[in-house]
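**Student:** Dropping in query_30.txt, with compact mmCIF, C-alpha atoms and all ligand atoms.
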```txt
# COMPACT_ATOMS: atom_id res chain seq x y z
CA MET A 1 -5.74 -21.79 8.83
CA PRO A 2 -8.08 -19.17 7.39
CA SER A 3 -7.75 -18.79 3.64
CA GLN A 4 -8.83 -16.12 1.20
CA PRO A 5 -12.60 -15.96 0.78
CA ALA A 6 -13.16 -17.85 -2.47
CA ALA A 7 -14.31 -15.70 -5.37
CA ALA A 8 -14.96 -12.95 -2.86
CA GLY A 9 -16.06 -9.52 -3.90
CA HIS A 10 -13.93 -6.50 -3.21
CA ASP A 11 -15.64 -5.70 0.10
CA ALA A 12 -15.18 -9.20 1.48
CA LEU A 13 -11.52 -9.17 0.50
CA ALA A 14 -10.99 -5.73 2.02
CA LEU A 15 -12.61 -6.92 5.25
CA PHE A 16 -10.44 -10.04 5.28
CA GLU A 17 -7.37 -7.80 4.87
CA ASP A 18 -8.50 -5.33 7.51
CA GLU A 19 -9.06 -8.10 10.05
CA ALA A 20 -5.62 -9.57 9.40
CA VAL A 21 -3.96 -6.13 9.66
CA ASP A 22 -5.86 -5.24 12.81
CA ARG A 23 -4.95 -8.51 14.45
CA PHE A 24 -1.27 -8.21 13.57
CA LEU A 25 -1.10 -4.62 14.84
CA ARG A 26 -2.67 -5.68 18.13
CA GLU A 27 -0.76 -8.94 18.61
CA PRO A 28 2.34 -9.23 16.42
CA SER A 29 3.32 -12.90 16.32
CA GLU A 30 4.42 -15.47 13.79
CA GLU A 31 0.87 -16.69 13.47
CA SER A 32 -0.77 -13.31 12.96
CA TYR A 33 2.06 -12.34 10.60
CA GLY A 34 1.52 -15.49 8.50
CA GLN A 35 -2.14 -14.65 8.21
CA LEU A 36 -1.36 -11.04 7.35
CA PHE A 37 1.03 -12.19 4.65
CA ARG A 38 -1.59 -14.43 3.02
CA ALA A 39 -4.11 -11.60 3.14
CA LEU A 40 -1.80 -9.03 1.56
CA ALA A 41 0.03 -11.22 -0.96
CA PRO A 42 -2.49 -10.69 -3.82
CA ARG A 43 -2.30 -6.91 -3.39
CA LEU A 44 1.52 -6.93 -3.29
CA LEU A 45 1.92 -9.19 -6.32
CA CYS A 46 -0.60 -7.16 -8.29
CA TYR A 47 1.15 -3.90 -7.39
CA PHE A 48 4.56 -4.98 -8.67
CA ARG A 49 3.34 -6.91 -11.69
CA THR A 50 1.11 -4.05 -12.80
CA ARG A 51 4.21 -1.90 -12.77
CA GLY A 52 6.09 -4.18 -15.11
CA CYS A 53 7.90 -6.59 -12.78
CA PRO A 54 8.08 -10.23 -13.89
CA THR A 55 6.58 -12.77 -11.47
CA GLU A 56 9.79 -13.78 -9.72
CA LEU A 57 10.93 -10.21 -9.16
CA ALA A 58 7.45 -9.25 -7.96
CA GLU A 59 7.67 -12.02 -5.37
CA ASP A 60 11.10 -10.87 -4.19
CA LEU A 61 9.98 -7.26 -3.86
CA ALA A 62 6.84 -8.38 -2.04
CA GLN A 63 9.08 -10.24 0.43
CA GLU A 64 11.06 -7.06 0.99
CA VAL A 65 7.88 -5.09 1.66
CA MET A 66 6.59 -7.66 4.14
CA TRP A 67 9.92 -7.68 5.98
CA THR A 68 9.48 -3.94 6.51
CA VAL A 69 5.87 -4.51 7.55
CA TYR A 70 7.02 -7.02 10.16
CA GLN A 71 9.67 -4.73 11.55
CA ARG A 72 7.97 -1.36 11.34
CA SER A 73 4.20 -1.52 11.33
CA TRP A 74 3.99 -1.32 15.14
CA MET A 75 4.53 2.43 14.69
CA LEU A 76 1.13 2.74 13.06
CA ARG A 77 -1.22 1.55 15.76
CA ARG A 78 -4.26 2.60 13.77
CA LEU A 79 -5.73 0.38 11.08
CA GLU A 80 -6.79 3.22 8.80
CA ARG A 81 -3.22 4.39 8.46
CA PHE A 82 -2.01 1.00 7.28
CA ARG A 83 -3.02 1.00 3.62
CA PRO A 84 -1.42 4.32 2.57
CA TRP A 85 1.65 3.39 4.60
CA LEU A 86 1.86 -0.01 2.87
CA TYR A 87 1.67 1.66 -0.55
CA LYS A 88 4.39 4.10 0.42
CA VAL A 89 6.59 1.16 1.42
CA MET A 90 5.82 -0.64 -1.86
CA ARG A 91 6.57 2.50 -3.83
CA ASN A 92 9.89 2.97 -2.04
CA VAL A 93 10.88 -0.65 -2.54
CA LEU A 94 10.09 -0.38 -6.26
CA LEU A 95 11.99 2.91 -6.63
CA GLN A 96 14.99 1.45 -4.80
CA HIS A 97 14.91 -1.55 -7.08
CA LEU A 98 14.74 0.67 -10.16
CA ARG A 99 17.65 2.74 -8.92
CA ARG A 100 19.63 -0.42 -8.21
CA SER A 101 18.97 -1.90 -11.59
CA ARG A 102 19.34 1.49 -13.30
CA ARG A 103 16.73 0.81 -15.84
CA ASP A 104 13.36 2.22 -16.65
CA VAL A 105 10.37 0.02 -16.22
CA ALA A 106 7.39 1.53 -17.93
CA THR A 107 4.45 1.69 -15.58
CA VAL A 108 2.00 -0.95 -16.69
CA ALA A 109 4.07 -2.68 -19.37
CA LEU A 110 1.83 -5.65 -19.55
CA GLY A 111 1.45 -7.19 -22.97
CA LYS A 112 4.01 -9.99 -22.61
CA GLU A 113 3.35 -10.56 -18.94
CA THR A 114 -0.38 -11.11 -19.32
CA ALA A 115 0.10 -13.20 -22.44
CA GLU A 116 2.20 -15.63 -20.40
CA LEU A 117 -0.28 -16.13 -17.59
CA PRO A 118 -1.07 -19.71 -16.63
CA ALA A 119 -4.30 -21.58 -17.16
CA PRO A 120 -6.62 -20.23 -14.41
CA VAL A 121 -6.93 -16.95 -16.23
CA ALA A 122 -9.80 -17.34 -18.65
CA ASP A 123 -8.65 -14.67 -21.05
CA PRO A 124 -4.88 -14.68 -21.63
CA LEU A 125 -5.05 -11.06 -22.77
CA ALA A 126 -6.86 -9.90 -19.67
CA GLY A 127 -5.69 -6.43 -18.83
CA SER A 128 -4.19 -5.53 -22.15
CA GLN A 129 -6.98 -3.03 -22.72
CA PHE A 130 -6.18 -1.18 -19.50
CA SER A 131 -2.51 -1.29 -20.44
CA GLU A 132 -3.22 0.26 -23.82
CA TRP A 133 -5.21 3.07 -22.24
CA MET A 134 -2.54 3.79 -19.65
CA ALA A 135 0.19 3.89 -22.28
CA SER A 136 -1.52 6.92 -23.82
CA LEU A 137 -1.30 8.95 -20.59
CA ALA A 138 1.49 10.86 -18.84
CA PRO A 139 3.39 8.83 -16.18
CA ASP A 140 1.82 10.66 -13.22
CA GLU A 141 -1.72 10.20 -14.60
CA ARG A 142 -0.97 6.54 -15.28
CA GLU A 143 0.23 6.01 -11.71
CA ILE A 144 -2.75 7.80 -10.19
CA LEU A 145 -5.32 5.92 -12.31
CA THR A 146 -3.57 2.63 -11.53
CA LEU A 147 -3.64 3.38 -7.79
CA ARG A 148 -7.30 4.34 -8.08
CA TYR A 149 -8.66 1.54 -10.25
CA VAL A 150 -6.27 -1.42 -9.99
CA ASP A 151 -5.13 -0.92 -6.39
CA GLU A 152 -8.52 0.52 -5.40
CA LEU A 153 -7.25 3.29 -3.15
CA GLU A 154 -9.46 6.18 -2.08
CA TYR A 155 -8.58 9.69 -3.26
CA HIS A 156 -7.22 10.69 0.14
CA GLU A 157 -5.10 7.52 0.30
CA ILE A 158 -3.61 8.20 -3.13
CA ALA A 159 -2.90 11.75 -1.97
CA GLU A 160 -1.04 10.44 1.06
CA VAL A 161 0.95 7.87 -0.92
CA LEU A 162 2.09 10.41 -3.51
CA GLY A 163 2.34 13.42 -1.20
CA LEU A 164 -0.20 15.45 -3.18
CA PRO A 165 -3.28 17.39 -2.09
CA THR A 166 -6.46 15.33 -2.45
CA GLY A 167 -7.93 17.95 -4.80
CA THR A 168 -4.97 17.55 -7.12
CA VAL A 169 -5.51 13.79 -7.26
CA GLN A 170 -9.20 14.25 -8.15
CA TRP A 171 -8.35 16.85 -10.73
CA LYS A 172 -5.70 14.66 -12.38
CA ILE A 173 -8.11 11.71 -12.56
CA PHE A 174 -10.75 13.93 -14.13
CA ASN A 175 -8.30 15.25 -16.71
CA ALA A 176 -6.92 11.80 -17.48
CA LYS A 177 -10.46 10.57 -18.15
CA LYS A 178 -11.09 13.50 -20.47
CA LYS A 179 -7.93 12.55 -22.37
CA LEU A 180 -9.13 8.94 -22.63
CA ILE A 181 -12.50 10.10 -23.94
CA LYS A 182 -10.79 12.27 -26.52
CA ARG A 183 -8.40 9.53 -27.58
CA PHE A 184 -10.57 6.41 -27.41
CA GLY A 185 -14.11 7.77 -27.64
CA ASN A 186 -16.51 5.34 -25.99
CA GLY A 187 -13.67 2.91 -25.26
CA ARG A 188 -14.63 0.05 -27.51
CA GLY A 189 -13.25 0.29 -31.05
CA MET B 1 -14.81 26.54 -17.22
CA ARG B 2 -17.27 25.89 -19.96
CA HIS B 3 -20.94 26.81 -20.18
CA GLY B 4 -20.58 28.33 -16.73
CA ILE B 5 -19.56 25.02 -15.11
CA ASP B 6 -16.08 25.05 -13.60
CA GLU B 7 -13.99 21.92 -13.17
CA GLN B 8 -14.37 22.07 -9.40
CA SER B 9 -18.13 21.66 -9.79
CA TRP B 10 -17.66 18.77 -12.22
CA LEU B 11 -15.35 17.06 -9.72
CA ALA B 12 -17.74 17.58 -6.83
CA TRP B 13 -20.67 16.38 -8.94
CA LEU B 14 -18.84 13.21 -10.04
CA ASP B 15 -17.87 12.66 -6.44
CA GLY B 16 -21.44 13.14 -5.22
CA THR B 17 -20.36 16.00 -2.96
CA LEU B 18 -21.88 18.96 -4.82
CA ASP B 19 -24.43 20.81 -2.65
CA ALA B 20 -28.08 20.33 -3.53
CA GLN B 21 -28.67 23.71 -5.16
CA ALA B 22 -25.56 23.62 -7.36
CA ARG B 23 -26.31 20.02 -8.19
CA SER B 24 -29.81 20.62 -9.48
CA ALA B 25 -28.53 23.60 -11.49
CA LEU B 26 -25.79 21.46 -13.05
CA GLU B 27 -28.13 18.56 -13.76
CA ALA B 28 -30.68 20.89 -15.31
CA HIS B 29 -27.92 22.13 -17.60
CA LEU B 30 -26.90 18.56 -18.49
CA GLY B 31 -30.50 17.95 -19.53
CA ILE B 32 -30.54 20.74 -22.05
CA CYS B 33 -26.91 20.98 -23.21
CA ALA B 34 -25.96 18.20 -25.61
CA ASP B 35 -22.27 18.94 -25.18
CA CYS B 36 -22.12 18.73 -21.39
CA GLY B 37 -24.67 15.90 -21.30
CA TRP B 38 -22.42 13.93 -23.62
CA GLN B 39 -19.35 14.64 -21.48
CA SER B 40 -21.10 13.55 -18.28
CA ARG B 41 -22.24 10.28 -19.88
CA GLN B 42 -18.73 9.63 -21.21
CA LEU B 43 -17.13 10.29 -17.82
CA GLU B 44 -19.54 7.88 -16.18
CA ARG B 45 -18.95 5.32 -18.92
CA TRP B 46 -15.18 5.59 -18.50
CA ARG B 47 -15.44 5.13 -14.76
CA GLU B 48 -17.22 1.83 -15.44
CA LEU B 49 -14.77 0.79 -18.17
CA LEU B 50 -11.76 1.51 -15.98
CA GLU B 51 -13.26 -0.40 -13.07
CA THR B 52 -14.05 -3.40 -15.26
CA GLU B 53 -10.69 -3.57 -17.04
CA ALA B 54 -8.71 -2.89 -13.87
CA GLY B 55 -10.65 -5.69 -12.17
CA ARG B 56 -9.71 -8.11 -14.94
CA LEU B 57 -6.10 -7.03 -14.69
CA ARG B 58 -6.10 -7.53 -10.93
CA ALA B 59 -7.55 -11.00 -11.27
CA ALA B 60 -4.90 -11.88 -13.87
CA LEU B 61 -1.91 -10.56 -11.95
CA CYS B 62 -2.56 -11.18 -8.27
CA GLY B 63 -1.39 -14.81 -8.29
CA GLY B 64 -3.12 -17.76 -6.65
CA GLU B 65 -3.59 -19.42 -3.29
CA GLU B 66 -0.61 -21.74 -3.80
CA GLU B 67 1.70 -18.85 -4.64
CA TRP B 68 0.58 -16.82 -1.59
CA GLU B 69 1.07 -19.80 0.69
CA ARG B 70 4.57 -20.46 -0.67
CA MET B 71 5.50 -16.79 -0.25
CA ALA B 72 4.17 -16.69 3.32
CA TRP B 73 6.12 -19.80 4.17
CA ARG B 74 9.29 -18.29 2.67
CA SER B 75 8.87 -15.13 4.70
CA LEU B 76 8.26 -17.00 7.97
CA HIS B 77 11.28 -19.14 7.23
CA ARG B 78 13.35 -15.98 6.77
CA LEU B 79 12.13 -14.57 10.08
CA ARG B 80 13.03 -17.77 11.90
CA GLU B 81 16.44 -17.91 10.25
CA ALA B 82 17.17 -14.31 11.18
CA ALA B 83 16.14 -15.06 14.76
CA ALA B 84 18.36 -18.15 14.88
CA ARG B 85 21.35 -16.23 13.49
CA GLN B 86 20.98 -13.68 16.23
CA GLY B 87 21.18 -16.44 18.84
CA LEU B 88 17.69 -15.64 19.92
CA GLY B 89 16.21 -17.79 22.66
CA ARG B 90 13.11 -16.09 23.93
CA TRP B 91 11.92 -13.25 21.75
CA THR B 92 12.53 -11.32 18.58
CA VAL B 93 13.97 -7.82 18.54
CA LEU B 94 10.47 -6.59 17.64
CA GLU B 95 9.02 -8.22 20.75
CA ALA B 96 11.81 -6.79 22.92
CA LEU B 97 10.97 -3.37 21.52
CA SER B 98 7.28 -3.88 22.34
CA ILE B 99 8.18 -4.77 25.93
CA LEU B 100 10.25 -1.57 26.28
CA ARG B 101 7.36 0.45 24.90
CA LEU B 102 4.87 -1.16 27.27
CA LEU B 103 7.19 -0.35 30.16
CA MET B 104 7.45 3.32 29.18
CA GLU B 105 3.89 4.06 28.06
CA PRO B 106 2.19 4.28 31.48
CA ILE B 107 4.86 6.76 32.61
CA CYS B 108 5.50 8.85 29.47
CA GLY B 109 2.27 8.40 27.45
CA GLN B 110 1.84 6.67 24.08
CA GLY B 111 2.52 9.72 21.90
CA THR B 112 5.78 10.57 23.63
CA VAL B 113 6.95 6.96 23.56
CA ARG B 114 6.21 6.69 19.85
CA ALA B 115 8.17 9.88 19.18
CA VAL B 116 11.26 8.99 21.24
CA VAL B 117 11.35 5.40 19.93
CA GLU B 118 11.12 6.66 16.36
CA ARG B 119 13.93 9.14 16.93
CA ALA B 120 16.13 6.51 18.57
CA LEU B 121 15.44 4.10 15.70
CA GLU B 122 16.46 6.68 13.12
CA ARG B 123 19.72 7.30 14.94
CA SER B 124 20.70 3.74 15.66
CA ARG B 125 20.07 1.58 12.61
CA ALA B 126 23.33 0.58 10.99
CA ALA B 127 21.81 -0.41 7.66
CA GLY B 128 18.40 -0.89 6.14
CA PRO B 129 15.01 -0.12 7.57
CA ALA B 130 14.90 -3.03 10.03
CA LEU B 131 16.17 -2.91 13.61
CA THR B 132 18.42 -5.89 14.38
CA TRP B 133 20.01 -7.22 17.55
CA GLY B 134 23.25 -5.80 16.18
CA ASP B 135 21.74 -2.31 16.53
CA TRP B 136 20.12 -3.02 19.88
CA GLY B 137 22.80 -1.62 22.20
CA ARG B 138 23.07 1.62 20.24
CA PHE B 139 19.28 1.86 20.05
CA VAL B 140 18.79 1.41 23.80
CA GLY B 141 21.46 4.05 24.42
CA HIS B 142 19.69 6.63 22.25
CA LEU B 143 16.30 5.70 23.67
CA SER B 144 17.57 5.98 27.22
CA ASP B 145 19.01 9.45 26.50
CA ALA B 146 15.79 10.62 24.87
CA ALA B 147 13.62 9.18 27.65
CA ALA B 148 15.80 10.87 30.26
CA SER B 149 15.52 14.27 28.60
CA VAL B 150 11.76 14.07 27.99
CA CYS B 151 10.46 12.06 30.97
CA GLY B 152 13.20 12.42 33.59
CA SER B 153 16.43 10.68 34.48
CA ALA B 154 14.74 7.83 36.39
CA VAL B 155 12.93 6.75 33.21
CA GLY B 156 16.21 6.99 31.29
CA ARG B 157 17.88 4.60 33.78
CA LEU B 158 14.87 2.25 33.69
CA VAL B 159 15.05 2.05 29.89
CA ALA B 160 18.80 1.38 29.91
CA LEU B 161 18.48 -1.37 32.51
CA ALA B 162 15.46 -3.02 30.90
CA GLY B 163 17.12 -2.85 27.47
CA LEU B 164 20.14 -4.65 28.88
CA CYS B 165 18.02 -7.35 30.52
CA LEU B 166 16.01 -7.90 27.36
CA ALA B 167 19.18 -8.48 25.35
CA GLU B 168 20.56 -10.89 27.94
CA GLU B 169 17.32 -12.80 28.08
CA ALA B 170 17.28 -12.95 24.31
CA VAL B 171 20.71 -14.58 24.15
CA ALA B 172 20.04 -17.00 27.00
ZN ZN C 1 -23.02 22.78 -21.52
```
Here is the file; what I need is its structure written in the form of structure tokens.

**Tutor:**
Amino acid sequence: MPSQPAAAGHDALALFEDEAVDRFLREPSEESYGQLFRALAPRLLCYFRTRGCPTELAEDLAQEVMWTVYQRSWMLRRLERFRPWLYKVMRNVLLQHLRRSRRDVATVALGKETAELPAPVADPLAGSQFSEWMASLAPDEREILTLRYVDELEYHEIAEVLGLPTGTVQWKIFNAKKKLIKRFGNGRG
Amino acid sequence: MRHGIDEQSWLAWLDGTLDAQARSALEAHLGICADCGWQSRQLERWRELLETEAGRLRAALCGGEEEWERMAWRSLHRLREAAARQGLGRWTVLEALSILRLLMEPICGQGTVRAVVERALERSRAAGPALTWGDWGRFVGHLSDAAASVCGSAVGRLVALAGLCLAEEAVA
């Protein structure tokens, strides 16, 4: 079975994902679904954990997302529509969960989570810097910067996920960066 | 707007989409204006910082091969269990739906089929986003009605009959 390209760069990973998505959209089967799942799992886990979900919950929510992918992605047909659609599904699943549990999860509440990461992570505080920066921004700026830099979505994809004009997304990113400059200077204390 | 540079131009410049003339004007200004030069260097620096720190975060939070494999296995197990509960012999409800679509597409066209299937799905799901065999009869009914009104009554009858056969074959 094909596995994730080891230590692959972003482009290689994106290609690996695209191939798995394309294959599943063309021939939905248990086999192509299994491969799709393995390809998307890192993205799904990262999405939910970046937004404050503990590991186990992140896994459960990822399962919910993939169930929807299995049942509904045939509607898409075109590969380029998949990523924004996937993020909309993830966002809905997270919002539903938050409504169900009636509690607020701060976007990117990471300190404890990252401190508890197991051995393979070289620096146990990896990410805390990003978390600190995000905490200084408004929730919508935080979400947009997280979609842009952690989830690596293009401007137009972020616009589609959040239902905003692309220009608004660019403008908010620009303003958020100006706030970060004002607050943290050159970024390293 | 400051020093004659509006935010739209900044955005386009950062994005690399500013036209050549405006770009050389802006870059000439950056060369002589300490204030704007500083801002442009900071914006560039923060793009790099955010990329680096977000990359570290991603690496820390995306799990590992073993975790992905376990999750994939769990999901496949759930699919098989759902199929078994529905007394499914030959195909899943998703596959049955694909067969119906393939049957309709040469007659009605892909766009029309997508639209009528989507409408029938919205009307027929009892709960949750996923179509189940429990919803199948209601779904085929709605789809048959929609197909009849858009593509003619013969297509409506074809859909109803095929939907019935697919369900019977599934239980067999
Ligand atoms: Zn200036």

**Student:** Figure out the distance between atom CA of Glu65 of chain B and atom CA of Phe37 of chain A, please, to one decimal in Å.

**Tutor:**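 Rounded to one decimal, the two atoms are 11.7 Å apart.
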
**Student:** Could you list, as a list in words, all residues that come within 7 Å of ligand ZN 1 (chain C)? Count all atoms listed in the file.

**Tutor:** Arg2, His3, His29, Leu30, Cys33, Ala34, Asp35 and Cys36 of chain B

**Student:** Convert the current residue selection to file output with C-alpha atoms, as a compact mmCIF listing (two decimals), in the frame of the given file.

**Tutor:**
```
# COMPACT_ATOMS: atom_id res chain seq x y z
CA ARG B 2 -17.27 25.89 -19.96
CA HIS B 3 -20.94 26.81 -20.18
CA HIS B 29 -27.92 22.13 -17.60
CA LEU B 30 -26.90 18.56 -18.49
CA CYS B 33 -26.91 20.98 -23.21
CA ALA B 34 -25.96 18.20 -25.61
CA ASP B 35 -22.27 18.94 -25.18
CA CYS B 36 -22.12 18.73 -21.39
```

**Student:** Tell me which protein, DNA and RNA residues are within 9 Å of Ser75 of chain B, counting all atoms listed in the file, leaving out same-chain ones fewer than 6 positions away, and put them as number ranges by chain.

**Tutor:** A: 34, 37, 63, 66-67

**Student:** Here is a test: counting all atoms listed in the file, which residue of A:Leu36, A:Met134, A:Leu15, A:Leu98 is nearest to Tyr149 of chain A?

**Tutor:**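 That would be A:Met134, the residue with the smallest distance to Tyr149 of chain A.
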
**Student:** Find the residues in chain B near chain A: any atom within 6 Å counts, using only C-alpha atoms. Write them as a PyMOL selection string.

**Tutor:** chain B and resi 51+53-54+56-57+60-62+68+72+130

**Student:** Atoms to include: C-alpha atoms. Write the selected residues as a PDB file, keeping the file's coordinate frame.

**Tutor:**
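Final file, again-v2.pdb:
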```pdb
ATOM      1  CA  GLU B  51     -13.260  -0.400 -13.070  1.00  0.00           C
ATOM      2  CA  GLU B  53     -10.690  -3.570 -17.040  1.00  0.00           C
ATOM      3  CA  ALA B  54      -8.710  -2.890 -13.870  1.00  0.00           C
ATOM      4  CA  ARG B  56      -9.710  -8.110 -14.940  1.00  0.00           C
ATOM      5  CA  LEU B  57      -6.100  -7.030 -14.690  1.00  0.00           C
ATOM      6  CA  ALA B  60      -4.900 -11.880 -13.870  1.00  0.00           C
ATOM      7  CA  LEU B  61      -1.910 -10.560 -11.950  1.00  0.00           C
ATOM      8  CA  CYS B  62      -2.560 -11.180  -8.270  1.00  0.00           C
ATOM      9  CA  TRP B  68       0.580 -16.820  -1.590  1.00  0.00           C
ATOM     10  CA  ALA B  72       4.170 -16.690   3.320  1.00  0.00           C
ATOM     11  CA  ALA B 130      14.900  -3.030  10.030  1.00  0.00           C
TER      12      ALA B 130
END
```

**Student:** Mind checking which residues fall within 10 Å of Glu160 of chain A, counting only C-alpha atoms, ignoring those fewer than 6 positions away in the same chain, and posting them as a list of chain:residue names?

**Tutor:**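 Everything that qualifies: A:Arg81, A:Arg83, A:Pro84, A:Trp85, A:Tyr87, A:Lys88, A:Glu154, A:Thr166.
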
**Student:** Write out the residues from the selection above, keeping C-alpha atoms, as a short mmCIF file (atom, residue, chain, number, x, y, z; two decimals), in the frame of the given file.

**Tutor:**
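Written file, part.cif:
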```cif
data_model
loop_
_atom_site.label_atom_id
_atom_site.label_comp_id
_atom_site.auth_asym_id
_atom_site.auth_seq_id
_atom_site.Cartn_x
_atom_site.Cartn_y
_atom_site.Cartn_z
CA ARG A 81 -3.22 4.39 8.46
CA ARG A 83 -3.02 1.00 3.62
CA PRO A 84 -1.42 4.32 2.57
CA TRP A 85 1.65 3.39 4.60
CA TYR A 87 1.67 1.66 -0.55
CA LYS A 88 4.39 4.10 0.42
CA GLU A 154 -9.46 6.18 -2.08
CA THR A 166 -6.46 15.33 -2.45
#
```

**Student:** Distance atom CA of Arg100 of chain A-atom CA of Arg123 of chain B, one decimal place?

**Tutor:**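 Taking atom CA of Arg100 of chain A and atom CA of Arg123 of chain B, their separation equals 24.4 Å.
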
**Student:** Could you work out how far atom CA of Ser32 of chain A lies from atom CA of His77 of chain B, giving the answer in Å with one decimal?

**Tutor:**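 Answer for the atom CA of His77 of chain B to atom CA of Ser32 of chain A separation: 14.6 Å.
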
**Student:** So which residues touch Ala12 of chain B within 10 Å, counting all atoms listed in the file, skipping near sequence neighbours fewer than 6 positions away, as a ChimeraX atom specification?

**Tutor:** /A:170 /B:18-19,22-23

**Student:** Just the selected residues (C-alpha atoms), exported as a tab-separated table (two decimals), in the frame of the given file, please.

**Tutor:**
```
chain	number	residue	atom	x	y	z
A	170	GLN	CA	-9.20	14.25	-8.15
B	18	LEU	CA	-21.88	18.96	-4.82
B	19	ASP	CA	-24.43	20.81	-2.65
B	22	ALA	CA	-25.56	23.62	-7.36
B	23	ARG	CA	-26.31	20.02	-8.19
```

**Student:** Taking all atoms listed in the file into account, name the residue in B:Cys108, B:Ala59, B:Leu49, B:Val159 that is nearest to Asp145 of chain B.

**Tutor:** B:Val159
